[in-house]
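> Next up is a structure, given as structure tokens.
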2 protein chains.
Amino acid sequence: MSSEEALKLENQTCFAVYACAKEITRLYQPVLKELGLTYTQYIAMLALWERDAVSVKELGERLFLDSGTLTPLLKKLEAQGLLTRGRDAGDERQLLIRLTADGRALREKALEVPEKVFCQSGVNVEMLMKIRSQMGELMTALQPVAAADKRGE
Amino acid sequence: MSSEEALKLENQTCFAVYACAKEITRLYQPVLKELGLTYTQYIAMLALWERDAVSVKELGERLFLDSGTLTPLLKKLEAQGLLTRGRDAGDERQLLIRLTADGRALREKALEVPEKVFCQSGVNVEMLMKIRSQMGELMTALQPVAAADKRGE
DNA sequence: TCAAATTAAATTGTATACAATATAATTTAA
DNA sequence: TTAAATTATATTGTATACAATTTAATTTGA
């Protein structure tokens, strides 16, 4: 592709992924509103439903988010009574995030979310699976770059 | 997939796309810094390099962004001297965005951006093309839903 | 024709994101 | 052993995003 062609909006893979991510988030919004969660809060809860009593650091690594994003987000979830934030007795630097009974209970409602969103989406399962696997490949290809960046190379 | 399986973070296509979009943006950042642009400012400039003297509404439709995002972003680009913002004489409701000479000149520097980012990415062309086409398909599938939402259905 | 409806931007308010910095706790190493 | 380095989280500042509302201009329709 010529550098002229490469500069066209239509040819930007980055823009295609960026636009899809926003569109998908928009799709989740009405469904998540019933749970009182935003999209980012939802993925944080998904992570916590799988593993509880984790530090902000560990949660951030799983969600690719840093403390600047997570600290206010977790405070909001704490204010909603879904989790508690308390320092680790063994290492006071770490903050342990623990779900409350309400936080665990919300999972029952959330079980319906994927199905609801899928039905609304007008997308077939094959496309979804293909996309997920390709995003996985892309992420695997990009992660070494991201890691090198973090090390300041 | 069971509803239990469907709730795992690892199985979320939405999260995969969301995480990739952020990672890609991060990849562009150091390259765009040389042009003095953020990622969103860059895609706005890409659109304007292709078609100039457009309204905020038209630009927003191409970028999937609304005036709440574009108004401050365009004011920043105006402050940098890359474009001018002026009401359309024929319809004073509309604001026409026009590139300045500096704005057009920046395109020369930007011609190198796609190549630079690609080289850093460690991704091959085939994967990129496949992803772009699939994101296009997904967007096409989702757009009717988005349009219906806008109409309040 | 002119009030009501529509349209385009701007504004307000809330919620991410993340770089850079600050703070406090822990670990390392001389 | 204790000062220096490292680590985990919080804070600050900037830049998106977008829903909801407001404002001003234009179009529509009785």
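In the structure tokens, each chain is lettered A, B, ... as it comes, each chain's residues begin at 1, and ligands are numbered from 1 in order of appearance.
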Could you give me, as a VMD selection string, each residue of region 39-115 of chain A that DSSP assigns to alpha helix (DSSP H) when run on this structure's backbone?
chain A and resid 39 to 50 56 to 63 67 to 79 101 to 110 113 to 115
> With N, CA and C atoms retained, export the selected residues as a tab-separated table (two decimals), in the first residue's frame.

chain	number	residue	atom	x	y	z
A	39	TYR	N	-19.97	-0.01	31.62
A	39	TYR	CA	-19.27	-1.10	30.96
A	39	TYR	C	-17.97	-1.46	31.68
A	40	THR	N	-17.19	-0.46	32.04
A	40	THR	CA	-15.91	-0.75	32.71
A	40	THR	C	-16.14	-1.38	34.08
A	41	GLN	N	-17.17	-0.91	34.76
A	41	GLN	CA	-17.50	-1.50	36.06
A	41	GLN	C	-17.90	-2.97	35.88
A	42	TYR	N	-18.59	-3.25	34.78
A	42	TYR	CA	-19.01	-4.62	34.48
A	42	TYR	C	-17.82	-5.55	34.28
A	43	ILE	N	-16.84	-5.11	33.48
A	43	ILE	CA	-15.70	-6.01	33.26
A	43	ILE	C	-14.89	-6.17	34.56
A	44	ALA	N	-14.88	-5.14	35.39
A	44	ALA	CA	-14.20	-5.28	36.69
A	44	ALA	C	-14.92	-6.33	37.54
A	45	MET	N	-16.24	-6.30	37.52
A	45	MET	CA	-17.01	-7.28	38.28
A	45	MET	C	-16.82	-8.68	37.71
A	46	LEU	N	-16.76	-8.80	36.39
A	46	LEU	CA	-16.50	-10.11	35.76
A	46	LEU	C	-15.20	-10.71	36.31
A	47	ALA	N	-14.17	-9.86	36.38
A	47	ALA	CA	-12.88	-10.34	36.88
A	47	ALA	C	-12.99	-10.75	38.34
A	48	LEU	N	-13.72	-9.97	39.12
A	48	LEU	CA	-13.83	-10.26	40.55
A	48	LEU	C	-14.70	-11.49	40.82
A	49	TRP	N	-15.70	-11.71	39.98
A	49	TRP	CA	-16.52	-12.91	40.17
A	49	TRP	C	-15.69	-14.18	39.93
A	50	GLU	N	-14.66	-14.03	39.10
A	50	GLU	CA	-13.80	-15.20	38.86
A	50	GLU	C	-12.76	-15.38	39.95
A	56	VAL	N	-5.27	-4.34	43.77
A	56	VAL	CA	-5.55	-3.45	42.65
A	56	VAL	C	-4.60	-3.75	41.50
A	57	LYS	N	-3.36	-4.04	41.86
A	57	LYS	CA	-2.35	-4.34	40.84
A	57	LYS	C	-2.75	-5.56	39.99
A	58	GLU	N	-3.14	-6.64	40.69
A	58	GLU	CA	-3.51	-7.86	39.96
A	58	GLU	C	-4.75	-7.62	39.09
A	59	LEU	N	-5.72	-6.93	39.66
A	59	LEU	CA	-6.94	-6.62	38.90
A	59	LEU	C	-6.57	-5.78	37.67
A	60	GLY	N	-5.71	-4.82	37.88
A	60	GLY	CA	-5.28	-3.95	36.78
A	60	GLY	C	-4.58	-4.70	35.68
A	61	GLU	N	-3.79	-5.71	36.05
A	61	GLU	CA	-3.09	-6.49	35.03
A	61	GLU	C	-4.07	-7.31	34.19
A	62	ARG	N	-5.11	-7.79	34.85
A	62	ARG	CA	-6.09	-8.59	34.11
A	62	ARG	C	-6.95	-7.72	33.20
A	63	LEU	N	-7.20	-6.48	33.63
A	63	LEU	CA	-8.10	-5.60	32.87
A	63	LEU	C	-7.34	-4.61	31.98
A	67	SER	N	-3.95	2.19	38.22
A	67	SER	CA	-4.60	2.64	39.46
A	67	SER	C	-5.33	3.97	39.26
A	68	GLY	N	-4.86	4.75	38.31
A	68	GLY	CA	-5.53	6.01	38.03
A	68	GLY	C	-6.96	5.82	37.55
A	69	THR	N	-7.20	4.73	36.87
A	69	THR	CA	-8.56	4.40	36.43
A	69	THR	C	-9.28	3.58	37.50
A	70	LEU	N	-8.56	2.62	38.08
A	70	LEU	CA	-9.22	1.69	38.99
A	70	LEU	C	-9.59	2.30	40.34
A	71	THR	N	-8.74	3.15	40.88
A	71	THR	CA	-9.02	3.70	42.21
A	71	THR	C	-10.40	4.37	42.28
A	72	PRO	N	-10.70	5.33	41.39
A	72	PRO	CA	-12.04	5.93	41.47
A	72	PRO	C	-13.16	4.94	41.13
A	73	LEU	N	-12.91	4.06	40.19
A	73	LEU	CA	-13.93	3.07	39.80
A	73	LEU	C	-14.28	2.15	40.97
A	74	LEU	N	-13.25	1.68	41.67
A	74	LEU	CA	-13.48	0.76	42.79
A	74	LEU	C	-14.15	1.49	43.96
A	75	LYS	N	-13.83	2.77	44.11
A	75	LYS	CA	-14.49	3.54	45.17
A	75	LYS	C	-15.99	3.65	44.90
A	76	LYS	N	-16.35	3.79	43.60
A	76	LYS	CA	-17.77	3.86	43.25
A	76	LYS	C	-18.46	2.53	43.54
A	77	LEU	N	-17.80	1.42	43.20
A	77	LEU	CA	-18.40	0.11	43.46
A	77	LEU	C	-18.50	-0.15	44.97
A	78	GLU	N	-17.52	0.37	45.70
A	78	GLU	CA	-17.58	0.26	47.16
A	78	GLU	C	-18.77	1.06	47.70
A	79	ALA	N	-18.95	2.27	47.16
A	79	ALA	CA	-20.07	3.12	47.60
A	79	ALA	C	-21.41	2.45	47.29
A	101	ALA	N	-21.58	-9.66	49.99
A	101	ALA	CA	-22.67	-10.59	49.64
A	101	ALA	C	-23.47	-10.00	48.48
A	102	ASP	N	-23.73	-8.69	48.53
A	102	ASP	CA	-24.44	-8.02	47.44
A	102	ASP	C	-23.68	-8.13	46.13
A	103	GLY	N	-22.37	-7.97	46.22
A	103	GLY	CA	-21.53	-8.05	45.03
A	103	GLY	C	-21.60	-9.43	44.40
A	104	ARG	N	-21.56	-10.46	45.25
A	104	ARG	CA	-21.67	-11.83	44.72
A	104	ARG	C	-23.06	-12.10	44.18
A	105	ALA	N	-24.06	-11.54	44.86
A	105	ALA	CA	-25.45	-11.78	44.45
A	105	ALA	C	-25.74	-11.17	43.07
A	106	LEU	N	-25.08	-10.06	42.78
A	106	LEU	CA	-25.32	-9.40	41.49
A	106	LEU	C	-24.97	-10.30	40.31
A	107	ARG	N	-24.11	-11.27	40.59
A	107	ARG	CA	-23.69	-12.20	39.53
A	107	ARG	C	-24.90	-12.95	38.94
A	108	GLU	N	-25.86	-13.26	39.78
A	108	GLU	CA	-27.04	-13.99	39.29
A	108	GLU	C	-27.76	-13.20	38.20
A	109	LYS	N	-27.92	-11.91	38.44
A	109	LYS	CA	-28.55	-11.05	37.43
A	109	LYS	C	-27.69	-10.96	36.18
A	110	ALA	N	-26.37	-10.90	36.42
A	110	ALA	CA	-25.44	-10.70	35.31
A	110	ALA	C	-25.38	-11.90	34.38
A	113	VAL	N	-26.81	-11.24	31.05
A	113	VAL	CA	-26.28	-10.15	30.22
A	113	VAL	C	-25.74	-10.61	28.86
A	114	PRO	N	-24.84	-11.61	28.85
A	114	PRO	CA	-24.27	-11.99	27.54
A	114	PRO	C	-25.34	-12.39	26.53
A	115	GLU	N	-26.30	-13.19	26.96
A	115	GLU	CA	-27.38	-13.62	26.07
A	115	GLU	C	-28.20	-12.43	25.55
> At a cut-off of 12 Å, list the chain D residues touching chain A, using only C-alpha atoms (C1' of nucleotides), as a ChimeraX atom specification.
/D:7-13,17-19
> Mind writing the picked residues with C-alpha atoms (C1' of nucleotides) as a PDB file, in the first residue's frame?

ATOM      1  C1'  DT D   7       6.782  -1.418  44.950  1.00  0.00           C
ATOM      2  C1'  DA D   8       1.635  -0.448  45.439  1.00  0.00           C
ATOM      3  C1'  DT D   9      -1.708   2.759  45.518  1.00  0.00           C
ATOM      4  C1'  DA D  10      -3.456   7.428  45.341  1.00  0.00           C
ATOM      5  C1'  DT D  11      -3.531  11.955  43.344  1.00  0.00           C
ATOM      6  C1'  DT D  12      -3.217  15.471  39.743  1.00  0.00           C
ATOM      7  C1'  DG D  13      -3.751  17.050  35.236  1.00  0.00           C
ATOM      8  C1'  DA D  17     -16.535   9.828  25.347  1.00  0.00           C
ATOM      9  C1'  DC D  18     -21.302  10.459  25.559  1.00  0.00           C
ATOM     10  C1'  DA D  19     -26.079  11.367  27.585  1.00  0.00           C
TER      11       DA D  19
END
> Give me, as a ChimeraX atom specification, all polymer residues having an atom no more than 12 Å from Ser2 (chain A), counting only C-alpha atoms (C1' of nucleotides) and skipping those fewer than 2 positions away in the same chain.
/A:4-8,11 /B:111-112,114-115
> Could you tell me which of C:DT12, C:DT1, C:DT7, C:DT27 comes closest to chain A if we count only C-alpha atoms (C1' of nucleotides)?
C:DT27
> Fewer than 3 positions away in the same chain doesn't count, so skip those; otherwise give me all residues within 12 Å of DT14 (chain D), counting only C-alpha atoms (C1' of nucleotides), as number ranges by chain.
B: 38, 73, 76; C: 17-20
> Selected residues, N, CA, C and O atoms (P, O5', C5', C4', C3', O3' and C1' of nucleotides), written as a PDB file, in the first residue's frame, please.

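Output below, filename out.pdb:
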ATOM      1  N   THR B  38      -2.866  13.902  19.587  1.00  0.00           N
ATOM      2  CA  THR B  38      -3.327  12.714  20.291  1.00  0.00           C
ATOM      3  C   THR B  38      -3.929  11.778  19.246  1.00  0.00           C
ATOM      4  O   THR B  38      -4.091  12.152  18.083  1.00  0.00           O
ATOM      5  N   LEU B  73     -12.264  19.179  21.146  1.00  0.00           N
ATOM      6  CA  LEU B  73     -11.136  18.677  20.361  1.00  0.00           C
ATOM      7  C   LEU B  73     -10.796  19.633  19.211  1.00  0.00           C
ATOM      8  O   LEU B  73      -9.620  19.967  18.978  1.00  0.00           O
ATOM      9  N   LYS B  76      -9.054  22.745  20.331  1.00  0.00           N
ATOM     10  CA  LYS B  76      -7.622  22.548  20.583  1.00  0.00           C
ATOM     11  C   LYS B  76      -6.837  22.596  19.279  1.00  0.00           C
ATOM     12  O   LYS B  76      -5.768  23.199  19.214  1.00  0.00           O
TER      13      LYS B  76
ATOM     14  P    DA C  17     -12.596   2.935  29.951  1.00  0.00           P
ATOM     15  O5'  DA C  17     -11.340   3.854  29.659  1.00  0.00           O
ATOM     16  C5'  DA C  17     -10.128   3.546  30.247  1.00  0.00           C
ATOM     17  C4'  DA C  17      -9.075   4.450  29.640  1.00  0.00           C
ATOM     18  C3'  DA C  17      -7.692   4.095  30.183  1.00  0.00           C
ATOM     19  O3'  DA C  17      -6.852   3.859  29.080  1.00  0.00           O
ATOM     20  C1'  DA C  17      -8.145   6.413  30.487  1.00  0.00           C
ATOM     21  P    DC C  18      -5.525   2.995  29.380  1.00  0.00           P
ATOM     22  O5'  DC C  18      -4.472   4.130  29.703  1.00  0.00           O
ATOM     23  C5'  DC C  18      -4.186   5.108  28.714  1.00  0.00           C
ATOM     24  C4'  DC C  18      -3.382   6.206  29.356  1.00  0.00           C
ATOM     25  C3'  DC C  18      -2.257   5.674  30.265  1.00  0.00           C
ATOM     26  O3'  DC C  18      -1.110   6.446  30.014  1.00  0.00           O
ATOM     27  C1'  DC C  18      -3.500   7.261  31.382  1.00  0.00           C
ATOM     28  P    DA C  19       0.301   5.701  29.956  1.00  0.00           P
ATOM     29  O5'  DA C  19       1.275   6.959  29.997  1.00  0.00           O
ATOM     30  C5'  DA C  19       1.017   8.084  29.160  1.00  0.00           C
ATOM     31  C4'  DA C  19       1.441   9.355  29.878  1.00  0.00           C
ATOM     32  C3'  DA C  19       2.735   9.232  30.649  1.00  0.00           C
ATOM     33  O3'  DA C  19       3.507  10.418  30.453  1.00  0.00           O
ATOM     34  C1'  DA C  19       1.004   9.905  32.114  1.00  0.00           C
ATOM     35  P    DA C  20       5.013  10.483  30.978  1.00  0.00           P
ATOM     36  O5'  DA C  20       4.835  11.286  32.347  1.00  0.00           O
ATOM     37  C5'  DA C  20       4.045  12.457  32.356  1.00  0.00           C
ATOM     38  C4'  DA C  20       3.999  13.011  33.769  1.00  0.00           C
ATOM     39  C3'  DA C  20       5.272  12.768  34.589  1.00  0.00           C
ATOM     40  O3'  DA C  20       5.593  13.969  35.275  1.00  0.00           O
ATOM     41  C1'  DA C  20       3.393  11.908  35.731  1.00  0.00           C
TER      42       DA C  20
END
> Taking only C-alpha atoms (C1' of nucleotides) into account, which residues of chain C are within 9 Å of chain A, as a PyMOL selection string?
chain C and resi 15-18+24-26
> Taking into account only C-alpha atoms, which residue in the set A:Met139, A:Leu82, A:Ile97, A:Leu35 is nearest to chain B?
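Counting only C-alpha atoms, the residue closest to chain B is A:Met139.
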> Check the smallest atom-to-atom distance from each of B:Glu34, B:Asp88, B:Glu137, B:Asp52 to chain A using only C-alpha atoms, then report the winner.
B:Glu137
> Counting only C-alpha atoms, which of B:Leu83, B:Leu128, B:Leu32, B:Val117 gets nearest to chain A?
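Among the listed residues, B:Leu128 lies closest to chain A.
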